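Read through the structure below, which is laid out as structure tokens, and then see the notes.
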Amino acid sequence: MDDEAMFVRTESLTRPSQQHMTIRVHTPIGSAMVLWRGDPREADGQHLIEWTVDEDLHWGQNTHPASCAEPELRQQGDLVVMSGRLHLTDDGAAYLQMGNWPVLLDLASPIPSSLDGSWVQISVGSKNVALRPYQT
């Protein structure tokens, strides 16, 4: 299995004809409601997927130190909460390592380099998190 894709079970929560289809994703580290960016007819099932987070991270606002050192995915109201190890890249971006799977992130402001590799919790709006089938 590719290190950048996660195998999950998905179930549709809205009609396939809707433009932004909402699904519940079930992963080895938790579940949450997110948007589906694949074929609407394939929203229910088992998939190898990639994550997209379309919300900038703001340290101290939607990104904080995690309370425990373990990966997690959960729903909290209208937010998707993800915990994992934060890794900063040379080009000013970052990714969250949730278990074996990285989630690419955009930073709204610089995060201190001392936080590279630390456990963090990110809370972003459900409408800003999407899954798409992994293309080999």
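Every chain in the structure tokens has a letter given in the order shown (A, B, ...), and although residue numbers restart at 1 in each chain, ligands are simply numbered from 1 in the order shown.
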
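Neighbouring residues of His20 in chain A at 8 Å or closer, counting only C-alpha atoms and skipping chain neighbours under 3 positions away, are Leu35, Trp36 and Arg37 of chain A.
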
Given the choices A:Ser109, A:Thr89, A:Ser118, A:Gln135, which gets closest to His58 in chain A if the distance is worked out from only C-alpha atoms?
A:Ser109

So that I can see what lies close to Ala94 in chain A, please list as a list in words the residues with an atom at most 9 Å from it, counting only C-alpha atoms and leaving out residues fewer than 2 positions away in the same chain.
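So, after excluding close chain neighbours, the residues are Leu86, His87, Leu88, Thr89, Asp90, Asp91, Gly92, Leu96, Val103, Leu104, Leu105, Asp106 and Leu107 of chain A.
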